[in-house]
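Have a look at the structure below before the remarks.
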2 protein chains.
Amino acid sequence: MAKVCSIICGAPCSELDTNLIEGLVIAADRGLDYALTAGIAPDIAVGDFDSAESPVPSGVECIRVSPIKDDTDTVLAANTAIERGCNELRFFCALGGRLDHTFANIQMLYDLIGRGICGKLYGNGECVYLLHDDAAEIPRYDGYLSVFSYGESALVSESGVKYPLDCHRLTNSFPLGVSNEITAQTARITAHEGTLLIMEVRE
Amino acid sequence: MAKVCSIICGAPCSELDTNLIEGLVIAADRGLDYALTAGIAPDIAVGDFDSAESPVPSGVECIRVSPIKDDTDTVLAANTAIERGCNELRFFCALGGRLDHTFANIQMLYDLIGRGICGKLYGNGECVYLLHDDAAEIPRYDGYLSVFSYGESALVSESGVKYPLDCHRLTNSFPLGVSNEITAQTARITAHEGTLLIMEVRE
């Protein structure tokens with residue numbers, strides 16, 4: 001059964017979609033400012049707090065670490081969530097900031113999927129996740145749906161989209177699956193083999 | 001010998017650093033607007049022109065393609081540059097827009113490196129490129145230097161930086177090389193094995 005954790009990260013964040021926030025709530029460093037501004041009291045605040053402006057409110061569990069560390073604040077929050085038994089992690093304000101942070105977050109998703117944990121990054125009107133030997137049903141929305149091979153190659157089928165694919169081998173040197181659009185009520189993406197990186201871009 | 005092509009792409013672009021623009025100049029779709037606004041007349045304009053607002057000026061070679069195509073406008077521009085004998089491709093306004101476009105551009109770099117072509121993406125104060133069985137010397141700047149394994153793993157050394165690495169095996173599931181800083185006059189990054197994704201973020 002899914003046990004959800006909502007992790008509020010530190011990328012520049014104009015809109016925090018509070019509808020999707022449920023379960024255990026963890027603020028990672030500057031995410032604490034975003035949470036408090038949105039009227040959300042997190043259960044836990046983690047990080048080196050080199051960029052949060054708000055003090056940690058009383059009643060919020062605080063996990064403070066040294067700024068000299070190998071893990072990013074987001075990875076620390078993810079590990080905390082997993083230690084507390086969560087297996088579905090939603091990362092808000094996790095996209096749209098520095099590209100190196102975004103890329104580090106995507107690499108973290110690959111670590112999570114290897115540990116059997118489902119993770120999704122949200123931010124900037126975009127939603128990013130990985131699909132490994134699995135399928136996803138995605139309800140139609142206005143915008144673009146892009147599917148990439150995360151590793152060297154992946155075998156993919158896409159239906160319910162403008163440019164369908166049937167057991168096509170995608171590689172990480174040719175982004176054939178970029179900028180598709182959902183045309184049916186629901187799109188179905190299947191990773192028959194390998195790991196797919198899915199990007200939903202809403203407009 | 002390096003034969004440079006400067007390709008102006010279509011990501012939202014506040015500053016087009018004209019100092020770096022040299023060689024053959026190609027505008028890809030909306031990049032035509034950015035080029036003309038910056039007072040640059042490209043040699044060639046390519047794309048489906050579904051998003052450029054400016055008409056192609058007379059004297060500019062125009063390569064127009066159908067919007068229903070497998071290649072992105074940026075890949076079309078890259079292939080045009082290679083056909084004209086260029087082997088060092090600089091892509092401006094290639095970062096900072098939709099994340100799926102950014103990711104597609106990075107995957108294109110991996111294709112280019114396999115063809116012996118050096119490519120760098122610029123935009124949003126960031127510069128992104130791949131390093132394969134090679135080393136790079138990077139002069140100091142204010143900001144962050146991040147090094148990722150592009151494939152499953154890569155063997156890397158980093159010197160002249162705050163957190164040096166000596167023949168360390170990076171993987172694409174743990175971004176140990178994120179948010180480093182150059183401390184010496186010049187940093188040296190070596191990919192002993194595998195492919196590194198380098199991100200320079202200037203502040």
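Each chain in the structure tokens gets a letter, A, B, ..., in the order shown, and its residues are numbered from 1; ligands are numbered from 1 in order too.
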
Residues of chain A within 8 Å of chain B, using only C-alpha atoms, as an MDAnalysis selection string?
-> chainID A and resid 70:71 98:101 104 107:111 126 146 151:152 172:176 178:179 199 201

Store the residues of this selection in a file with N, CA, C and O atoms, as a CSV table (one decimal), in the first residue's frame.
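That gives us part.csv:
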```csv
chain,number,residue,atom,x,y,z
A,70,ASP,N,27.8,14.9,1.6
A,70,ASP,CA,27.7,14.4,0.2
A,70,ASP,C,26.3,14.4,-0.3
A,70,ASP,O,26.1,14.5,-1.5
A,71,ASP,N,25.3,14.3,0.6
A,71,ASP,CA,23.9,14.2,0.2
A,71,ASP,C,23.4,15.7,0.0
A,71,ASP,O,23.7,16.5,0.8
A,98,ARG,N,18.1,26.0,-10.6
A,98,ARG,CA,19.4,25.7,-11.3
A,98,ARG,C,19.3,24.3,-11.9
A,98,ARG,O,18.8,23.3,-11.3
A,99,LEU,N,19.8,24.2,-13.1
A,99,LEU,CA,19.7,23.0,-13.9
A,99,LEU,C,20.5,21.8,-13.2
A,99,LEU,O,20.1,20.7,-13.3
A,100,ASP,N,21.6,22.2,-12.5
A,100,ASP,CA,22.4,21.1,-11.9
A,100,ASP,C,21.6,20.5,-10.7
A,100,ASP,O,21.6,19.3,-10.5
A,101,HIS,N,20.8,21.3,-10.0
A,101,HIS,CA,19.9,20.8,-9.0
A,101,HIS,C,18.8,19.9,-9.6
A,101,HIS,O,18.5,18.8,-9.0
A,104,ALA,N,20.4,16.7,-10.5
A,104,ALA,CA,20.7,15.9,-9.3
A,104,ALA,C,19.4,15.2,-8.8
A,104,ALA,O,19.4,14.0,-8.4
A,107,GLN,N,18.6,12.2,-11.0
A,107,GLN,CA,19.5,11.1,-10.7
A,107,GLN,C,19.1,10.4,-9.3
A,107,GLN,O,19.1,9.2,-9.2
A,108,MET,N,18.6,11.2,-8.4
A,108,MET,CA,18.1,10.7,-7.2
A,108,MET,C,16.9,9.8,-7.4
A,108,MET,O,16.7,8.7,-6.8
A,109,LEU,N,16.0,10.1,-8.4
A,109,LEU,CA,14.8,9.3,-8.7
A,109,LEU,C,15.3,7.9,-9.2
A,109,LEU,O,14.7,6.9,-8.9
A,110,TYR,N,16.4,7.9,-9.9
A,110,TYR,CA,17.0,6.6,-10.4
A,110,TYR,C,17.5,5.7,-9.2
A,110,TYR,O,17.3,4.5,-9.2
A,111,ASP,N,18.0,6.4,-8.2
A,111,ASP,CA,18.4,5.6,-7.0
A,111,ASP,C,17.2,5.1,-6.3
A,111,ASP,O,17.1,4.0,-5.9
A,126,GLU,N,5.7,21.5,-14.4
A,126,GLU,CA,6.2,20.3,-15.0
A,126,GLU,C,6.2,19.2,-13.9
A,126,GLU,O,6.2,19.4,-12.7
A,146,SER,N,6.7,14.1,-22.8
A,146,SER,CA,7.9,13.7,-23.4
A,146,SER,C,8.4,12.4,-22.7
A,146,SER,O,8.3,12.3,-21.5
A,151,GLY,N,18.6,5.4,-19.5
A,151,GLY,CA,19.9,4.8,-19.7
A,151,GLY,C,20.2,4.7,-21.2
A,151,GLY,O,19.6,5.3,-22.0
A,152,GLU,N,21.2,3.9,-21.5
A,152,GLU,CA,21.7,3.7,-22.9
A,152,GLU,C,20.5,3.5,-23.9
A,152,GLU,O,20.4,4.1,-24.9
A,172,ASN,N,19.5,7.0,-25.6
A,172,ASN,CA,19.8,8.3,-24.9
A,172,ASN,C,20.7,9.2,-25.8
A,172,ASN,O,21.3,10.2,-25.3
A,173,SER,N,20.7,9.0,-27.1
A,173,SER,CA,21.4,9.9,-28.0
A,173,SER,C,20.4,10.4,-29.1
A,173,SER,O,20.8,11.2,-29.9
A,174,PHE,N,19.2,10.0,-29.0
A,174,PHE,CA,18.2,10.5,-30.0
A,174,PHE,C,16.8,10.6,-29.4
A,174,PHE,O,16.2,9.6,-29.1
A,175,PRO,N,16.4,11.9,-29.0
A,175,PRO,CA,15.2,12.1,-28.3
A,175,PRO,C,13.9,12.0,-29.1
A,175,PRO,O,13.2,13.0,-29.1
A,176,LEU,N,13.7,10.9,-29.7
A,176,LEU,CA,12.5,10.8,-30.6
A,176,LEU,C,11.2,11.0,-29.8
A,176,LEU,O,10.2,11.5,-30.4
A,178,VAL,N,10.3,13.2,-27.6
A,178,VAL,CA,10.1,14.6,-27.1
A,178,VAL,C,8.9,15.2,-27.7
A,178,VAL,O,8.5,14.9,-28.8
A,179,SER,N,8.2,16.0,-26.9
A,179,SER,CA,7.1,16.9,-27.4
A,179,SER,C,5.9,16.1,-28.0
A,179,SER,O,5.4,16.5,-29.1
A,199,MET,N,8.4,13.2,-18.8
A,199,MET,CA,8.2,14.6,-18.5
A,199,MET,C,6.8,15.1,-19.0
A,199,MET,O,6.6,15.1,-20.2
A,201,VAL,N,4.6,18.3,-19.3
A,201,VAL,CA,4.7,19.8,-19.3
A,201,VAL,C,3.3,20.4,-19.5
A,201,VAL,O,2.7,20.2,-20.6
```

Shell of 12 Å around Glu22 of chain B, only C-alpha atoms, local chain residues under 5 positions omitted, as a ChimeraX atom specification = /B:2-8,17,40-43,86,88-92

For Pro67 of chain B, please output as a ChimeraX atom specification all residues within 9 Å (counting only C-alpha atoms; exclusion window: fewer than 2 positions along the same chain).
-> /B:47-50,65,69

Segment 10-74 of chain B: which residues are strand (DSSP E) by DSSP, as a PDB file with N, CA, C and O atoms, in the first residue's frame?
```pdb
ATOM      1  N   LEU B  24      30.218  30.070 -38.707  1.00  0.00           N
ATOM      2  CA  LEU B  24      28.928  29.982 -39.403  1.00  0.00           C
ATOM      3  C   LEU B  24      27.829  30.228 -38.376  1.00  0.00           C
ATOM      4  O   LEU B  24      27.876  29.672 -37.272  1.00  0.00           O
ATOM      5  N   VAL B  25      26.838  31.064 -38.700  1.00  0.00           N
ATOM      6  CA  VAL B  25      25.750  31.330 -37.747  1.00  0.00           C
ATOM      7  C   VAL B  25      24.442  30.787 -38.309  1.00  0.00           C
ATOM      8  O   VAL B  25      24.035  31.134 -39.424  1.00  0.00           O
ATOM      9  N   ILE B  26      23.828  29.896 -37.529  1.00  0.00           N
ATOM     10  CA  ILE B  26      22.544  29.309 -37.939  1.00  0.00           C
ATOM     11  C   ILE B  26      21.497  29.658 -36.894  1.00  0.00           C
ATOM     12  O   ILE B  26      21.722  29.497 -35.693  1.00  0.00           O
ATOM     13  N   ALA B  27      20.339  30.136 -37.359  1.00  0.00           N
ATOM     14  CA  ALA B  27      19.219  30.382 -36.446  1.00  0.00           C
ATOM     15  C   ALA B  27      18.232  29.239 -36.587  1.00  0.00           C
ATOM     16  O   ALA B  27      17.877  28.842 -37.700  1.00  0.00           O
ATOM     17  N   ALA B  28      17.832  28.657 -35.439  1.00  0.00           N
ATOM     18  CA  ALA B  28      16.850  27.567 -35.459  1.00  0.00           C
ATOM     19  C   ALA B  28      15.505  28.117 -35.011  1.00  0.00           C
ATOM     20  O   ALA B  28      15.335  28.507 -33.858  1.00  0.00           O
ATOM     21  N   ILE B  44      22.249  31.130 -42.098  1.00  0.00           N
ATOM     22  CA  ILE B  44      21.206  30.164 -42.461  1.00  0.00           C
ATOM     23  C   ILE B  44      20.110  30.211 -41.401  1.00  0.00           C
ATOM     24  O   ILE B  44      20.394  30.384 -40.208  1.00  0.00           O
ATOM     25  N   ALA B  45      18.856  30.070 -41.829  1.00  0.00           N
ATOM     26  CA  ALA B  45      17.742  29.887 -40.886  1.00  0.00           C
ATOM     27  C   ALA B  45      17.117  28.531 -41.181  1.00  0.00           C
ATOM     28  O   ALA B  45      16.814  28.233 -42.340  1.00  0.00           O
ATOM     29  N   VAL B  46      16.961  27.681 -40.150  1.00  0.00           N
ATOM     30  CA  VAL B  46      16.342  26.362 -40.358  1.00  0.00           C
ATOM     31  C   VAL B  46      15.168  26.191 -39.406  1.00  0.00           C
ATOM     32  O   VAL B  46      15.123  26.823 -38.348  1.00  0.00           O
ATOM     33  N   GLY B  47      14.241  25.305 -39.785  1.00  0.00           N
ATOM     34  CA  GLY B  47      13.148  24.968 -38.867  1.00  0.00           C
ATOM     35  C   GLY B  47      11.826  24.847 -39.588  1.00  0.00           C
ATOM     36  O   GLY B  47      11.745  24.974 -40.808  1.00  0.00           O
ATOM     37  N   GLU B  61      20.034  32.198 -46.150  1.00  0.00           N
ATOM     38  CA  GLU B  61      19.610  30.906 -46.707  1.00  0.00           C
ATOM     39  C   GLU B  61      18.562  30.295 -45.786  1.00  0.00           C
ATOM     40  O   GLU B  61      18.748  30.263 -44.575  1.00  0.00           O
ATOM     41  N   CYS B  62      17.472  29.821 -46.361  1.00  0.00           N
ATOM     42  CA  CYS B  62      16.369  29.309 -45.546  1.00  0.00           C
ATOM     43  C   CYS B  62      16.136  27.822 -45.814  1.00  0.00           C
ATOM     44  O   CYS B  62      15.954  27.417 -46.969  1.00  0.00           O
ATOM     45  N   ILE B  63      16.199  27.014 -44.760  1.00  0.00           N
ATOM     46  CA  ILE B  63      15.910  25.581 -44.883  1.00  0.00           C
ATOM     47  C   ILE B  63      14.634  25.319 -44.098  1.00  0.00           C
ATOM     48  O   ILE B  63      14.631  25.312 -42.869  1.00  0.00           O
ATOM     49  N   ARG B  64      13.530  25.161 -44.832  1.00  0.00           N
ATOM     50  CA  ARG B  64      12.216  25.029 -44.187  1.00  0.00           C
ATOM     51  C   ARG B  64      11.793  23.562 -44.210  1.00  0.00           C
ATOM     52  O   ARG B  64      11.886  22.901 -45.244  1.00  0.00           O
TER      53      ARG B  64
END
```

Polymer residues at most 8 Å from Ala135 of chain B, only C-alpha atoms, same-chain spacing of 5 or more positions, as a PyMOL selection string = chain B and resi 188-191

Same residues, all heavy atoms, output as a short mmCIF file (atom, residue, chain, number, x, y, z; two decimals), in the first residue's frame:
```cif
data_model
loop_
_atom_site.label_atom_id
_atom_site.label_comp_id
_atom_site.auth_asym_id
_atom_site.auth_seq_id
_atom_site.Cartn_x
_atom_site.Cartn_y
_atom_site.Cartn_z
N ARG B 188 40.61 21.26 -13.30
CA ARG B 188 40.85 20.24 -14.32
C ARG B 188 39.92 19.06 -14.03
O ARG B 188 39.93 18.50 -12.93
CB ARG B 188 42.30 19.79 -14.30
CG ARG B 188 42.64 18.83 -15.44
CD ARG B 188 44.12 18.43 -15.44
NE ARG B 188 44.35 17.36 -16.39
CZ ARG B 188 44.53 17.54 -17.70
NH1 ARG B 188 44.54 18.76 -18.21
NH2 ARG B 188 44.73 16.50 -18.49
N ILE B 189 39.10 18.71 -15.03
CA ILE B 189 38.18 17.58 -14.90
C ILE B 189 38.61 16.53 -15.92
O ILE B 189 38.77 16.84 -17.11
CB ILE B 189 36.72 17.99 -15.24
CG1 ILE B 189 36.31 19.25 -14.50
CG2 ILE B 189 35.75 16.84 -14.98
CD1 ILE B 189 36.20 19.12 -13.02
N THR B 190 38.81 15.30 -15.47
CA THR B 190 39.21 14.24 -16.37
C THR B 190 38.18 13.11 -16.34
O THR B 190 37.83 12.62 -15.26
CB THR B 190 40.58 13.67 -15.97
OG1 THR B 190 41.50 14.75 -15.83
CG2 THR B 190 41.11 12.69 -17.02
N ALA B 191 37.71 12.72 -17.52
CA ALA B 191 36.86 11.52 -17.65
C ALA B 191 37.78 10.38 -18.06
O ALA B 191 38.15 10.26 -19.22
CB ALA B 191 35.79 11.75 -18.72
#
```

Please provide as a compact mmCIF listing (two decimals) with all heavy atoms, in the first residue's frame all residues within 9 Å of segment 156-160 of chain A, with the sequence filter that same-chain residues fewer than 5 positions apart are discarded (counting only C-alpha atoms).
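Wrote part26.txt, looks like this:
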```txt
# COMPACT_ATOMS: atom_id res chain seq x y z
N VAL A 147 8.94 11.50 -23.52
CA VAL A 147 9.44 10.22 -23.00
C VAL A 147 10.87 10.03 -23.52
O VAL A 147 11.09 10.05 -24.73
CB VAL A 147 8.54 9.06 -23.48
CG1 VAL A 147 9.10 7.72 -23.06
CG2 VAL A 147 7.12 9.23 -22.95
N SER A 149 14.75 7.81 -23.05
CA SER A 149 15.47 6.70 -22.45
C SER A 149 16.44 7.28 -21.42
O SER A 149 17.27 8.11 -21.75
CB SER A 149 16.26 5.94 -23.52
OG SER A 149 17.04 4.93 -22.90
N LEU A 165 4.02 4.93 -30.45
CA LEU A 165 5.17 4.05 -30.67
C LEU A 165 4.78 2.64 -30.24
O LEU A 165 4.09 2.46 -29.24
CB LEU A 165 6.39 4.52 -29.85
CG LEU A 165 7.06 5.83 -30.23
CD1 LEU A 165 8.14 6.21 -29.22
CD2 LEU A 165 7.67 5.75 -31.65
N ASP A 166 5.25 1.66 -31.02
CA ASP A 166 4.93 0.27 -30.69
C ASP A 166 6.23 -0.51 -30.52
O ASP A 166 6.91 -0.81 -31.50
CB ASP A 166 4.07 -0.33 -31.83
CG ASP A 166 3.64 -1.76 -31.51
OD1 ASP A 166 3.64 -2.14 -30.32
OD2 ASP A 166 3.32 -2.49 -32.47
N CYS A 167 6.58 -0.81 -29.30
CA CYS A 167 7.83 -1.55 -29.01
C CYS A 167 9.02 -0.92 -29.74
O CYS A 167 9.77 -1.61 -30.43
CB CYS A 167 7.70 -3.01 -29.37
SG CYS A 167 6.99 -3.96 -28.04
N HIS A 168 9.18 0.37 -29.58
CA HIS A 168 10.27 1.10 -30.23
C HIS A 168 11.45 1.19 -29.28
O HIS A 168 11.29 1.43 -28.09
CB HIS A 168 9.79 2.50 -30.61
CG HIS A 168 10.84 3.32 -31.29
ND1 HIS A 168 11.05 3.28 -32.65
CD2 HIS A 168 11.78 4.15 -30.77
CE1 HIS A 168 12.06 4.08 -32.95
NE2 HIS A 168 12.52 4.61 -31.83
N ARG A 169 12.67 1.00 -29.83
CA ARG A 169 13.85 1.13 -28.97
C ARG A 169 14.35 2.57 -28.99
O ARG A 169 14.87 3.04 -30.00
CB ARG A 169 14.97 0.16 -29.43
CG ARG A 169 16.18 0.21 -28.47
CD ARG A 169 17.09 -1.00 -28.60
NE ARG A 169 16.46 -2.23 -28.21
CZ ARG A 169 16.31 -2.66 -26.94
NH1 ARG A 169 16.75 -1.92 -25.94
NH2 ARG A 169 15.74 -3.80 -26.70
N LEU A 170 14.12 3.27 -27.90
CA LEU A 170 14.65 4.62 -27.72
C LEU A 170 16.08 4.53 -27.22
O LEU A 170 16.42 3.61 -26.49
CB LEU A 170 13.85 5.37 -26.65
CG LEU A 170 12.52 6.03 -27.00
CD1 LEU A 170 11.94 6.70 -25.75
CD2 LEU A 170 12.69 7.08 -28.08
N GLU A 181 1.88 14.62 -27.58
CA GLU A 181 0.69 15.21 -26.97
C GLU A 181 -0.33 14.10 -26.76
O GLU A 181 -0.46 13.19 -27.60
CB GLU A 181 0.08 16.26 -27.91
CG GLU A 181 0.93 17.52 -28.00
CD GLU A 181 0.48 18.43 -29.15
OE1 GLU A 181 -0.71 18.78 -29.21
OE2 GLU A 181 1.35 18.77 -29.98
N ILE A 182 -1.08 14.17 -25.68
CA ILE A 182 -2.11 13.17 -25.40
C ILE A 182 -3.36 13.51 -26.20
O ILE A 182 -3.85 14.64 -26.12
CB ILE A 182 -2.41 13.10 -23.89
CG1 ILE A 182 -1.13 12.78 -23.10
CG2 ILE A 182 -3.48 12.05 -23.60
CD1 ILE A 182 -1.31 12.74 -21.59
N THR A 183 -3.85 12.55 -26.98
CA THR A 183 -5.03 12.80 -27.82
C THR A 183 -6.25 12.02 -27.33
O THR A 183 -7.38 12.41 -27.60
CB THR A 183 -4.74 12.39 -29.28
OG1 THR A 183 -4.15 11.08 -29.28
CG2 THR A 183 -3.77 13.36 -29.94
N ALA A 184 -6.05 10.90 -26.63
CA ALA A 184 -7.17 10.12 -26.09
C ALA A 184 -7.50 10.61 -24.68
O ALA A 184 -6.86 11.54 -24.17
CB ALA A 184 -6.80 8.64 -26.08
N GLN A 185 -8.49 10.01 -24.05
CA GLN A 185 -8.82 10.36 -22.66
C GLN A 185 -7.61 10.14 -21.76
O GLN A 185 -7.35 10.89 -20.84
CB GLN A 185 -9.98 9.49 -22.14
CG GLN A 185 -11.35 9.93 -22.62
CD GLN A 185 -11.72 11.30 -22.03
OE1 GLN A 185 -11.50 12.34 -22.67
NE2 GLN A 185 -12.26 11.31 -20.82
N THR A 186 -6.90 9.03 -22.06
CA THR A 186 -5.76 8.63 -21.25
C THR A 186 -4.67 8.12 -22.17
O THR A 186 -4.95 7.40 -23.12
CB THR A 186 -6.19 7.47 -20.31
OG1 THR A 186 -7.31 7.90 -19.54
CG2 THR A 186 -5.07 7.07 -19.37
N ALA A 187 -3.44 8.50 -21.90
CA ALA A 187 -2.30 7.93 -22.64
C ALA A 187 -1.76 6.75 -21.83
O ALA A 187 -1.86 6.74 -20.60
CB ALA A 187 -1.21 8.98 -22.81
N ARG A 188 -1.21 5.78 -22.54
CA ARG A 188 -0.57 4.66 -21.85
C ARG A 188 0.87 4.56 -22.34
O ARG A 188 1.13 4.46 -23.53
CB ARG A 188 -1.33 3.36 -22.15
CG ARG A 188 -0.80 2.18 -21.34
CD ARG A 188 -1.60 0.90 -21.59
NE ARG A 188 -0.93 -0.23 -20.97
CZ ARG A 188 -1.07 -0.57 -19.70
NH1 ARG A 188 -1.85 0.13 -18.91
NH2 ARG A 188 -0.40 -1.61 -19.21
N ILE A 189 1.80 4.61 -21.39
CA ILE A 189 3.23 4.50 -21.69
C ILE A 189 3.73 3.23 -21.04
O ILE A 189 3.53 3.03 -19.84
CB ILE A 189 4.04 5.69 -21.11
CG1 ILE A 189 3.40 7.03 -21.45
CG2 ILE A 189 5.50 5.63 -21.56
CD1 ILE A 189 3.45 7.40 -22.89
N THR A 190 4.39 2.37 -21.81
CA THR A 190 4.92 1.13 -21.25
C THR A 190 6.43 1.06 -21.46
O THR A 190 6.91 1.25 -22.58
CB THR A 190 4.26 -0.10 -21.93
OG1 THR A 190 2.84 0.06 -21.87
CG2 THR A 190 4.66 -1.39 -21.24
N ALA A 191 7.15 0.82 -20.38
CA ALA A 191 8.59 0.54 -20.47
C ALA A 191 8.75 -0.97 -20.46
O ALA A 191 8.70 -1.60 -19.42
CB ALA A 191 9.32 1.16 -19.28
N HIS A 192 8.88 -1.57 -21.67
CA HIS A 192 9.01 -3.03 -21.76
C HIS A 192 10.35 -3.48 -21.22
O HIS A 192 10.51 -4.59 -20.73
CB HIS A 192 8.87 -3.49 -23.21
CG HIS A 192 7.58 -3.11 -23.85
ND1 HIS A 192 6.39 -3.70 -23.54
CD2 HIS A 192 7.29 -2.16 -24.78
CE1 HIS A 192 5.42 -3.15 -24.26
NE2 HIS A 192 5.95 -2.20 -25.02
N GLU A 193 11.32 -2.58 -21.37
CA GLU A 193 12.70 -2.92 -21.03
C GLU A 193 13.41 -1.60 -20.77
O GLU A 193 13.17 -0.62 -21.47
CB GLU A 193 13.33 -3.58 -22.27
CG GLU A 193 14.49 -4.51 -22.03
CD GLU A 193 15.09 -4.91 -23.38
OE1 GLU A 193 14.47 -5.70 -24.10
OE2 GLU A 193 16.16 -4.37 -23.71
N GLY A 194 14.26 -1.56 -19.74
CA GLY A 194 15.01 -0.33 -19.46
C GLY A 194 14.19 0.67 -18.65
O GLY A 194 13.10 0.35 -18.18
N LEU A 196 12.53 4.54 -18.46
CA LEU A 196 12.09 5.72 -19.19
C LEU A 196 12.03 6.92 -18.25
O LEU A 196 11.66 6.79 -17.08
CB LEU A 196 10.69 5.51 -19.77
CG LEU A 196 10.56 4.39 -20.81
CD1 LEU A 196 9.09 4.19 -21.18
CD2 LEU A 196 11.37 4.74 -22.06
```

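As for atom CA of Arg84 of chain B and atom CA of Asp134 of chain B, they are spaced 25.4 Å apart.
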
Alpha helix (DSSP H) residues, from DSSP on the backbone, in segment 38-196 of chain B, as a list in words = Asp73, Thr74, Val75, Leu76, Ala77, Ala78, Asn79, Thr80, Ala81, Ile82, Glu83, Leu99, Asp100, His101, Thr102, Phe103, Ala104, Asn105, Ile106, Gln107, Met108, Leu109, Tyr110, Asp111, Leu112, Ile113 and Gly114 of chain B

Those residues with N, CA and C atoms, as an mmCIF file, in the first residue's frame please?
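Resulting contents of again_24.cif:
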```
data_model
loop_
_atom_site.group_PDB
_atom_site.id
_atom_site.type_symbol
_atom_site.label_atom_id
_atom_site.label_comp_id
_atom_site.auth_asym_id
_atom_site.auth_seq_id
_atom_site.Cartn_x
_atom_site.Cartn_y
_atom_site.Cartn_z
ATOM 1 N N ASP B 73 14.139 21.182 -34.200
ATOM 2 C CA ASP B 73 14.763 22.249 -34.998
ATOM 3 C C ASP B 73 16.246 22.376 -34.655
ATOM 4 N N THR B 74 16.574 22.157 -33.378
ATOM 5 C CA THR B 74 17.973 22.262 -32.947
ATOM 6 C C THR B 74 18.825 21.170 -33.589
ATOM 7 N N VAL B 75 18.287 19.946 -33.643
ATOM 8 C CA VAL B 75 19.028 18.840 -34.272
ATOM 9 C C VAL B 75 19.191 19.106 -35.771
ATOM 10 N N LEU B 76 18.157 19.659 -36.407
ATOM 11 C CA LEU B 76 18.259 20.018 -37.829
ATOM 12 C C LEU B 76 19.388 21.020 -38.054
ATOM 13 N N ALA B 77 19.467 22.004 -37.157
ATOM 14 C CA ALA B 77 20.532 23.015 -37.275
ATOM 15 C C ALA B 77 21.899 22.363 -37.094
ATOM 16 N N ALA B 78 22.004 21.445 -36.125
ATOM 17 C CA ALA B 78 23.285 20.765 -35.881
ATOM 18 C C ALA B 78 23.701 19.964 -37.107
ATOM 19 N N ASN B 79 22.756 19.231 -37.682
ATOM 20 C CA ASN B 79 23.096 18.420 -38.861
ATOM 21 C C ASN B 79 23.492 19.298 -40.042
ATOM 22 N N THR B 80 22.846 20.440 -40.173
ATOM 23 C CA THR B 80 23.203 21.384 -41.233
ATOM 24 C C THR B 80 24.641 21.878 -41.033
ATOM 25 N N ALA B 81 24.976 22.204 -39.785
ATOM 26 C CA ALA B 81 26.336 22.684 -39.481
ATOM 27 C C ALA B 81 27.373 21.617 -39.824
ATOM 28 N N ILE B 82 27.078 20.373 -39.484
ATOM 29 C CA ILE B 82 28.038 19.279 -39.730
ATOM 30 C C ILE B 82 28.193 19.058 -41.241
ATOM 31 N N GLU B 83 27.069 19.137 -41.965
ATOM 32 C CA GLU B 83 27.144 19.002 -43.434
ATOM 33 C C GLU B 83 28.033 20.092 -44.043
ATOM 34 N N LEU B 99 11.833 21.995 -19.770
ATOM 35 C CA LEU B 99 12.830 21.012 -19.350
ATOM 36 C C LEU B 99 12.966 19.889 -20.373
ATOM 37 N N ASP B 100 11.861 19.539 -21.054
ATOM 38 C CA ASP B 100 11.967 18.465 -22.059
ATOM 39 C C ASP B 100 12.849 18.906 -23.229
ATOM 40 N N HIS B 101 12.771 20.185 -23.604
ATOM 41 C CA HIS B 101 13.666 20.685 -24.658
ATOM 42 C C HIS B 101 15.123 20.645 -24.197
ATOM 43 N N THR B 102 15.355 21.075 -22.954
ATOM 44 C CA THR B 102 16.723 21.049 -22.410
ATOM 45 C C THR B 102 17.266 19.626 -22.428
ATOM 46 N N PHE B 103 16.434 18.679 -21.988
ATOM 47 C CA PHE B 103 16.883 17.287 -21.916
ATOM 48 C C PHE B 103 17.139 16.725 -23.314
ATOM 49 N N ALA B 104 16.283 17.089 -24.263
ATOM 50 C CA ALA B 104 16.491 16.651 -25.650
ATOM 51 C C ALA B 104 17.808 17.213 -26.183
ATOM 52 N N ASN B 105 18.128 18.445 -25.828
ATOM 53 C CA ASN B 105 19.391 19.046 -26.272
ATOM 54 C C ASN B 105 20.590 18.306 -25.677
ATOM 55 N N ILE B 106 20.485 17.896 -24.409
ATOM 56 C CA ILE B 106 21.583 17.146 -23.785
ATOM 57 C C ILE B 106 21.751 15.790 -24.482
ATOM 58 N N GLN B 107 20.638 15.130 -24.805
ATOM 59 C CA GLN B 107 20.748 13.834 -25.500
ATOM 60 C C GLN B 107 21.372 14.037 -26.884
ATOM 61 N N MET B 108 21.068 15.153 -27.518
ATOM 62 C CA MET B 108 21.701 15.465 -28.811
ATOM 63 C C MET B 108 23.217 15.580 -28.663
ATOM 64 N N LEU B 109 23.689 16.181 -27.552
ATOM 65 C CA LEU B 109 25.137 16.297 -27.328
ATOM 66 C C LEU B 109 25.783 14.917 -27.317
ATOM 67 N N TYR B 110 25.053 13.935 -26.752
ATOM 68 C CA TYR B 110 25.608 12.574 -26.662
ATOM 69 C C TYR B 110 25.727 11.963 -28.055
ATOM 70 N N ASP B 111 24.762 12.262 -28.905
ATOM 71 C CA ASP B 111 24.852 11.813 -30.294
ATOM 72 C C ASP B 111 26.041 12.488 -30.980
ATOM 73 N N LEU B 112 26.198 13.788 -30.771
ATOM 74 C CA LEU B 112 27.291 14.544 -31.418
ATOM 75 C C LEU B 112 28.640 13.987 -31.006
ATOM 76 N N ILE B 113 28.817 13.720 -29.698
ATOM 77 C CA ILE B 113 30.120 13.270 -29.213
ATOM 78 C C ILE B 113 30.473 11.920 -29.854
ATOM 79 N N GLY B 114 29.453 11.106 -30.121
ATOM 80 C CA GLY B 114 29.669 9.819 -30.806
ATOM 81 C C GLY B 114 30.111 10.004 -32.249
#
```
